[in-house]
$ cat entry-v2.csv   # CSV, C-alpha atoms and all ligand atoms
chain,number,residue,atom,x,y,z
A,1,MET,CA,19.0,-18.8,-11.0
A,2,HIS,CA,18.5,-17.6,-7.4
A,3,LYS,CA,15.0,-17.9,-5.9
A,4,TYR,CA,14.8,-16.7,-2.4
A,5,ILE,CA,12.3,-15.9,0.3
A,6,ILE,CA,13.4,-13.4,3.0
A,7,MET,CA,11.7,-13.4,6.4
A,8,GLY,CA,12.2,-11.7,9.7
A,9,ALA,CA,10.3,-9.6,12.2
A,10,GLN,CA,9.6,-6.0,11.6
A,11,GLY,CA,12.7,-4.0,12.4
A,12,CYS,CA,15.1,-6.9,11.6
A,13,GLY,CA,16.6,-5.1,8.6
A,14,LYS,CA,14.9,-7.2,6.0
A,15,GLY,CA,14.3,-4.3,3.6
A,16,THR,CA,18.0,-3.3,3.5
A,17,GLN,CA,19.1,-6.9,3.1
A,18,SER,CA,16.6,-7.4,0.2
A,19,LEU,CA,18.1,-4.4,-1.6
A,20,LEU,CA,21.7,-5.6,-1.0
A,21,LEU,CA,20.9,-9.1,-2.3
A,22,LYS,CA,19.0,-7.6,-5.2
A,23,GLN,CA,22.1,-5.7,-6.2
A,24,THR,CA,24.6,-8.5,-5.6
A,25,PHE,CA,22.7,-11.2,-7.6
A,26,ASP,CA,20.7,-8.9,-10.0
A,27,LEU,CA,17.5,-10.2,-8.7
A,28,VAL,CA,13.9,-8.8,-8.9
A,29,HIS,CA,12.7,-7.7,-5.4
A,30,ILE,CA,9.1,-8.7,-5.0
A,31,SER,CA,7.6,-7.0,-2.0
A,32,VAL,CA,4.0,-8.0,-1.4
A,33,GLY,CA,3.5,-5.0,0.8
A,34,ASP,CA,4.7,-2.7,-2.0
A,35,ILE,CA,2.3,-4.4,-4.4
A,36,PHE,CA,-0.6,-3.8,-2.0
A,37,ARG,CA,0.3,-0.1,-1.7
A,38,SER,CA,0.7,0.4,-5.5
A,39,GLN,CA,-2.7,-1.4,-6.1
A,40,ILE,CA,-4.3,0.9,-3.6
A,41,GLU,CA,-2.7,4.0,-5.0
A,42,SER,CA,-3.6,3.2,-8.6
A,43,ARG,CA,-7.2,2.6,-7.4
A,44,THR,CA,-7.5,-0.8,-9.1
A,45,LYS,CA,-10.4,-3.1,-8.3
A,46,LEU,CA,-8.0,-5.4,-6.5
A,47,GLY,CA,-6.6,-2.3,-4.6
A,48,ALA,CA,-10.1,-1.4,-3.4
A,49,ARG,CA,-10.6,-5.0,-2.1
A,50,ILE,CA,-7.2,-4.8,-0.3
A,51,ARG,CA,-8.0,-1.4,1.2
A,52,ARG,CA,-11.2,-2.6,2.7
A,53,PHE,CA,-9.3,-5.3,4.7
A,54,VAL,CA,-6.5,-3.0,5.6
A,55,ASN,CA,-8.8,-0.3,6.8
A,56,ASP,CA,-10.7,-2.8,8.9
A,57,GLY,CA,-7.5,-3.8,10.5
A,58,GLN,CA,-7.8,-7.3,9.0
A,59,LEU,CA,-5.3,-9.4,7.2
A,60,VAL,CA,-5.6,-9.6,3.4
A,61,PRO,CA,-7.1,-13.1,2.8
A,62,ASP,CA,-4.8,-15.8,1.5
A,63,GLU,CA,-6.5,-16.2,-1.9
A,64,ILE,CA,-5.9,-12.5,-2.7
A,65,VAL,CA,-2.3,-12.6,-1.5
A,66,GLU,CA,-1.6,-15.8,-3.5
A,67,GLU,CA,-3.2,-14.3,-6.6
A,68,ILE,CA,-0.9,-11.3,-6.3
A,69,VAL,CA,2.2,-13.5,-6.0
A,70,ARG,CA,1.1,-15.7,-8.9
A,71,ARG,CA,0.5,-12.8,-11.2
A,72,ARG,CA,3.7,-11.1,-10.2
A,73,LEU,CA,5.8,-14.3,-10.8
A,74,ASP,CA,4.0,-14.9,-14.1
A,75,GLU,CA,5.5,-11.7,-15.4
A,76,HIS,CA,8.7,-13.7,-15.7
A,77,ASP,CA,10.9,-10.6,-15.7
A,78,TRP,CA,13.2,-12.2,-13.2
A,79,ASN,CA,16.0,-13.5,-15.5
A,80,TYR,CA,18.4,-14.1,-12.6
A,81,GLY,CA,15.9,-14.9,-9.9
A,82,PHE,CA,13.8,-13.2,-7.3
A,83,ILE,CA,13.7,-12.3,-3.7
A,84,LEU,CA,10.2,-12.6,-2.2
A,85,ASP,CA,9.5,-10.3,0.7
A,86,GLY,CA,6.4,-10.2,2.9
A,87,PHE,CA,5.2,-13.6,1.7
A,88,PRO,CA,4.3,-16.2,2.9
A,89,ARG,CA,2.7,-14.8,6.1
A,90,ASN,CA,1.2,-18.0,7.4
A,91,ARG,CA,1.5,-21.8,6.9
A,92,PRO,CA,-1.3,-22.1,4.2
A,93,GLN,CA,0.5,-19.5,2.1
A,94,ALA,CA,3.8,-21.4,2.5
A,95,VAL,CA,2.1,-24.6,1.4
A,96,PHE,CA,0.6,-22.9,-1.6
A,97,PHE,CA,4.0,-21.6,-2.6
A,98,LEU,CA,5.7,-25.0,-2.3
A,99,GLU,CA,3.0,-26.6,-4.3
A,100,ASN,CA,3.3,-24.2,-7.2
A,101,TYR,CA,6.9,-22.8,-7.2
A,102,ASP,CA,10.3,-23.8,-6.1
A,103,VAL,CA,12.7,-21.9,-3.9
A,104,ASP,CA,16.4,-22.2,-3.3
A,105,ALA,CA,16.6,-20.8,0.1
A,106,VAL,CA,14.6,-19.1,2.8
A,107,ILE,CA,16.6,-16.4,4.5
A,108,TYR,CA,15.5,-15.8,8.1
A,109,ILE,CA,17.1,-12.8,9.7
A,110,GLU,CA,16.9,-13.5,13.4
A,111,VAL,CA,17.0,-10.6,16.0
A,112,PRO,CA,16.2,-11.2,19.7
A,113,HIS,CA,12.8,-9.9,20.8
A,114,ASP,CA,14.1,-7.1,23.0
A,115,VAL,CA,16.5,-5.8,20.3
A,116,VAL,CA,13.6,-5.6,17.7
A,117,LEU,CA,11.4,-4.0,20.3
A,118,ARG,CA,14.1,-1.4,21.1
A,119,ARG,CA,14.6,-0.7,17.4
A,120,LEU,CA,10.9,-0.3,16.7
A,121,LEU,CA,10.4,2.0,19.7
A,122,SER,CA,13.2,4.2,18.4
A,123,ARG,CA,11.3,5.0,15.2
A,124,ARG,CA,10.3,8.6,14.7
A,125,LEU,CA,8.4,10.3,12.0
A,126,CYS,CA,8.5,13.9,10.9
A,127,SER,CA,5.0,15.3,11.6
A,128,GLN,CA,5.4,17.7,8.7
A,129,CYS,CA,7.1,16.0,5.8
A,130,GLY,CA,6.7,12.3,6.9
A,131,LEU,CA,10.4,11.5,6.7
A,132,ASP,CA,11.4,8.4,8.8
A,133,TYR,CA,14.0,8.5,11.5
A,134,ASN,CA,15.4,6.0,13.9
A,135,LEU,CA,17.1,7.2,17.1
A,136,ILE,CA,19.5,4.2,16.8
A,137,PHE,CA,20.3,4.1,13.1
A,138,HIS,CA,19.3,7.5,11.7
A,139,ARG,CA,19.3,10.3,14.3
A,140,PRO,CA,18.3,13.8,13.4
A,141,THR,CA,21.1,16.4,13.8
A,142,VAL,CA,19.1,18.3,16.4
A,143,ALA,CA,17.1,16.0,18.8
A,144,GLY,CA,13.4,16.0,18.0
A,145,VAL,CA,13.7,18.1,14.8
A,146,CYS,CA,13.5,17.1,11.2
A,147,ASP,CA,16.8,17.7,9.3
A,148,VAL,CA,15.0,18.5,6.1
A,149,CYS,CA,12.0,20.7,7.0
A,150,GLY,CA,12.5,21.5,10.7
A,151,GLY,CA,9.2,19.7,11.6
A,152,GLU,CA,8.7,18.1,15.0
A,153,LEU,CA,9.5,14.3,15.2
A,154,VAL,CA,6.9,12.1,16.7
A,155,GLN,CA,6.3,8.5,17.4
A,156,ARG,CA,3.8,6.7,15.2
A,157,ALA,CA,0.5,6.1,17.0
A,158,ASP,CA,0.8,2.3,16.5
A,159,ASP,CA,4.4,2.2,17.9
A,160,THR,CA,3.5,2.1,21.6
A,161,GLU,CA,5.4,-0.7,23.5
A,162,LYS,CA,2.1,-2.6,23.9
A,163,ALA,CA,1.2,-2.4,20.2
A,164,VAL,CA,4.7,-3.3,19.0
A,165,ALA,CA,4.9,-6.2,21.4
A,166,ALA,CA,1.5,-7.5,20.3
A,167,ARG,CA,2.5,-7.3,16.6
A,168,LEU,CA,5.8,-9.2,17.3
A,169,LYS,CA,3.9,-11.9,19.2
A,170,ASP,CA,1.5,-12.3,16.3
A,171,PHE,CA,4.5,-12.4,13.8
A,172,TYR,CA,6.3,-15.2,15.8
A,173,ALA,CA,3.1,-17.2,16.2
A,174,LYS,CA,2.5,-17.2,12.4
A,175,THR,CA,6.2,-17.5,11.4
A,176,GLU,CA,7.2,-20.4,13.5
A,177,PRO,CA,5.0,-22.9,11.6
A,178,ILE,CA,6.3,-21.5,8.2
A,179,LEU,CA,9.9,-21.9,9.3
A,180,GLU,CA,9.1,-25.4,10.5
A,181,LEU,CA,7.7,-26.4,7.1
A,182,PHE,CA,10.7,-24.9,5.2
A,183,ARG,CA,13.2,-26.5,7.7
A,184,GLN,CA,11.8,-29.9,6.9
A,185,LYS,CA,12.9,-29.2,3.3
A,186,GLU,CA,16.3,-27.9,4.5
A,187,LEU,CA,15.7,-24.6,3.0
A,188,VAL,CA,16.2,-22.2,5.9
A,189,ILE,CA,19.3,-20.2,6.4
A,190,THR,CA,19.2,-18.3,9.8
A,191,VAL,CA,21.4,-15.3,10.0
A,192,ASP,CA,22.1,-13.2,13.1
A,193,GLY,CA,20.5,-9.8,12.4
A,194,THR,CA,22.2,-8.0,15.3
A,195,GLN,CA,25.4,-7.6,13.2
A,196,SER,CA,26.0,-4.6,11.0
A,197,GLN,CA,24.1,-4.5,7.7
A,198,GLN,CA,27.3,-5.3,5.8
A,199,GLU,CA,28.1,-8.2,8.1
A,200,VAL,CA,24.6,-9.6,7.7
A,201,HIS,CA,24.8,-9.3,3.9
A,202,GLN,CA,28.2,-11.0,3.9
A,203,GLU,CA,27.0,-13.9,6.0
A,204,VAL,CA,23.9,-14.3,3.8
A,205,CYS,CA,26.0,-14.4,0.6
A,206,THR,CA,28.5,-16.9,2.1
A,207,ARG,CA,25.7,-19.2,3.3
A,208,LEU,CA,23.8,-19.0,0.1
A,209,THR,CA,26.9,-19.9,-2.0
A,210,ARG,CA,27.5,-22.9,0.3
A,211,SER,CA,23.9,-24.1,0.1
A,212,HIS,CA,24.0,-23.7,-3.7
A,213,ALA,CA,27.1,-25.8,-3.9
A,214,ARG,CA,25.5,-28.4,-1.7
A,215,SER,CA,22.2,-28.6,-3.7
A,216,GLY,CA,24.0,-28.5,-7.1
A,217,PRO,CA,24.3,-31.5,-9.5
A,218,ALA,CA,25.7,-34.4,-7.6
A,219,ASN,CA,29.0,-35.9,-8.8
A,220,PRO,CA,28.6,-39.3,-10.4
B,1,ZN,ZN,10.4,16.9,7.9
$ encode --input "entry-v2.csv" --output "structure tokens"
Amino acid sequence: MHKYIIMGAQGCGKGTQSLLLKQTFDLVHISVGDIFRSQIESRTKLGARIRRFVNDGQLVPDEIVEEIVRRRLDEHDWNYGFILDGFPRNRPQAVFFLENYDVDAVIYIEVPHDVVLRRLLSRRLCSQCGLDYNLIFHRPTVAGVCDVCGGELVQRADDTEKAVAARLKDFYAKTEPILELFRQKELVITVDGTQSQQEVHQEVCTRLTRSHARSGPANP
């Protein structure tokens, strides 16, 4: 059984790493952000509550987030394990998790502030079809023009340098206490996220295998 939490700032490559891990270990990828979106789209009661907070620019309260995680894990469709993404977002949520569940490792993908900032400021969006681009990782063939529909590529309104820097600052302020808590339990595996996606994945796998060996049954 592989039970993992994956963490990292926006733009660290966490989404890609989650998918690679999911394929490698046949895990269920539980993205709390995706659950929020699907609840909002299916217009459930819970979705309506979540939408109110999101629309007001507020964080979804801990009890709602914890309820979502609890319900999702209670489905028990994760025969080989899970990878939890977008949770916990603060120390109380981490405490909740440790009190109710166990986890084999917390994978932290570390990318220096200026690199993440540069990656996020390189994001573009097609103003017509909504396709995502990144001028570092996924350039359009013709600068400023969508490959698919020919629409104009624009920056998201909330991707200004000031807004991105503020989001990152908030992320680090909330994440450091979580990592501290998990470090006390020797659960954190920190991986250098400036490497290529394949290299990051390789390093994650190697380190996880090593940590499994260490935490396995002790020899008499
Ligand atoms: Zn387009």
$ residues_near_ligand --input "entry-v2.csv" --ligand "ligand ZN 1 (chain B)" --cutoff "12 Å" --atoms "only C-alpha atoms and all ligand atoms" --output "compact mmCIF listing (two decimals) with C-alpha atoms, in the frame of the given file"
# COMPACT_ATOMS: atom_id res chain seq x y z
CA ARG A 124 10.30 8.60 14.70
CA LEU A 125 8.40 10.30 12.00
CA CYS A 126 8.50 13.90 10.90
CA SER A 127 5.00 15.30 11.60
CA GLN A 128 5.40 17.70 8.70
CA CYS A 129 7.10 16.00 5.80
CA GLY A 130 6.70 12.30 6.90
CA LEU A 131 10.40 11.50 6.70
CA ASP A 132 11.40 8.40 8.80
CA TYR A 133 14.00 8.50 11.50
CA PRO A 140 18.30 13.80 13.40
CA GLY A 144 13.40 16.00 18.00
CA VAL A 145 13.70 18.10 14.80
CA CYS A 146 13.50 17.10 11.20
CA ASP A 147 16.80 17.70 9.30
CA VAL A 148 15.00 18.50 6.10
CA CYS A 149 12.00 20.70 7.00
CA GLY A 150 12.50 21.50 10.70
CA GLY A 151 9.20 19.70 11.60
CA GLU A 152 8.70 18.10 15.00
CA LEU A 153 9.50 14.30 15.20
CA VAL A 154 6.90 12.10 16.70
$ residues_around --input "entry-v2.csv" --residues "Thr16 (chain A)" --least-positions-apart "3" --cutoff "12 Å" --atoms "all atoms listed in the file" --output "list in words"
Ile6, Gly8, Gln10, Gly11, Cys12, Gly13, Leu19, Leu20, Leu21, Lys22, Gln23, His29, Asp85, Ile109, Gly193, Ser196, Gln197, Gln198, Val200 and His201 of chain A
$ write_last_selection --input "entry-v2.csv" --atoms "C-alpha atoms" --output "mmCIF file, in the frame of the given file"
data_model
loop_
_atom_site.group_PDB
_atom_site.id
_atom_site.type_symbol
_atom_site.label_atom_id
_atom_site.label_comp_id
_atom_site.auth_asym_id
_atom_site.auth_seq_id
_atom_site.Cartn_x
_atom_site.Cartn_y
_atom_site.Cartn_z
ATOM 1 C CA ILE A 6 13.400 -13.400 3.000
ATOM 2 C CA GLY A 8 12.200 -11.700 9.700
ATOM 3 C CA GLN A 10 9.600 -6.000 11.600
ATOM 4 C CA GLY A 11 12.700 -4.000 12.400
ATOM 5 C CA CYS A 12 15.100 -6.900 11.600
ATOM 6 C CA GLY A 13 16.600 -5.100 8.600
ATOM 7 C CA LEU A 19 18.100 -4.400 -1.600
ATOM 8 C CA LEU A 20 21.700 -5.600 -1.000
ATOM 9 C CA LEU A 21 20.900 -9.100 -2.300
ATOM 10 C CA LYS A 22 19.000 -7.600 -5.200
ATOM 11 C CA GLN A 23 22.100 -5.700 -6.200
ATOM 12 C CA HIS A 29 12.700 -7.700 -5.400
ATOM 13 C CA ASP A 85 9.500 -10.300 0.700
ATOM 14 C CA ILE A 109 17.100 -12.800 9.700
ATOM 15 C CA GLY A 193 20.500 -9.800 12.400
ATOM 16 C CA SER A 196 26.000 -4.600 11.000
ATOM 17 C CA GLN A 197 24.100 -4.500 7.700
ATOM 18 C CA GLN A 198 27.300 -5.300 5.800
ATOM 19 C CA VAL A 200 24.600 -9.600 7.700
ATOM 20 C CA HIS A 201 24.800 -9.300 3.900
#
$ closest_residue --input "entry-v2.csv" --among "A:Ile83, A:Met1, A:Leu46, A:Leu187" --to "Val106 (chain A)" --atoms "all atoms listed in the file"
A:Leu187
$ residues_around --input "entry-v2.csv" --residues "Phe53 (chain A)" --least-positions-apart "6" --cutoff "12 Å" --atoms "all atoms listed in the file" --output "number ranges by chain"
A: 36, 40, 46-47, 59-62, 64-65
$ residues_around --input "entry-v2.csv" --residues "region 74-76 of chain A" --least-positions-apart "6" --cutoff "10 Å" --atoms "all atoms listed in the file" --output "list in words"
Val28, Ile68 and Phe82 of chain A
$ residues_around --input "entry-v2.csv" --residues "Asp170 (chain A)" --least-positions-apart "4" --cutoff "12 Å" --atoms "only C-alpha atoms" --output "mmCIF file with C-alpha atoms, keeping the file's coordinate frame"
data_model
loop_
_atom_site.group_PDB
_atom_site.id
_atom_site.type_symbol
_atom_site.label_atom_id
_atom_site.label_comp_id
_atom_site.auth_asym_id
_atom_site.auth_seq_id
_atom_site.Cartn_x
_atom_site.Cartn_y
_atom_site.Cartn_z
ATOM 1 C CA ALA A 9 10.300 -9.600 12.200
ATOM 2 C CA GLN A 10 9.600 -6.000 11.600
ATOM 3 C CA LEU A 59 -5.300 -9.400 7.200
ATOM 4 C CA ARG A 89 2.700 -14.800 6.100
ATOM 5 C CA ASN A 90 1.200 -18.000 7.400
ATOM 6 C CA ALA A 163 1.200 -2.400 20.200
ATOM 7 C CA VAL A 164 4.700 -3.300 19.000
ATOM 8 C CA ALA A 165 4.900 -6.200 21.400
ATOM 9 C CA ALA A 166 1.500 -7.500 20.300
ATOM 10 C CA LYS A 174 2.500 -17.200 12.400
ATOM 11 C CA THR A 175 6.200 -17.500 11.400
ATOM 12 C CA GLU A 176 7.200 -20.400 13.500
#
$ residues_around --input "entry-v2.csv" --residues "Arg37 (chain A)" --least-positions-apart "4" --cutoff "12 Å" --atoms "all atoms listed in the file" --output "list in words"
Ser31, Val32, Gly33, Glu41, Ser42, Arg43, Thr44, Leu46, Gly47, Ala48, Arg49, Ile50, Arg51 and Val54 of chain A
$ atom_distance --input "entry-v2.csv" --atom1 "CA of Arg139 (chain A)" --atom2 "CA of Arg156 (chain A)"
15.9 Å
$ atom_distance --input "entry-v2.csv" --atom1 "CA of Thr190 (chain A)" --atom2 "CA of Pro88 (chain A)"
16.6 Å
$ atom_distance --input "entry-v2.csv" --atom1 "CA of Gln39 (chain A)" --atom2 "CA of Gln58 (chain A)"
17.0 Å
$ closest_residue --input "entry-v2.csv" --among "A:Tyr4, A:Phe25, A:Tyr80, A:Tyr172" --to "Ile107 (chain A)" --atoms "all atoms listed in the file"
A:Tyr4
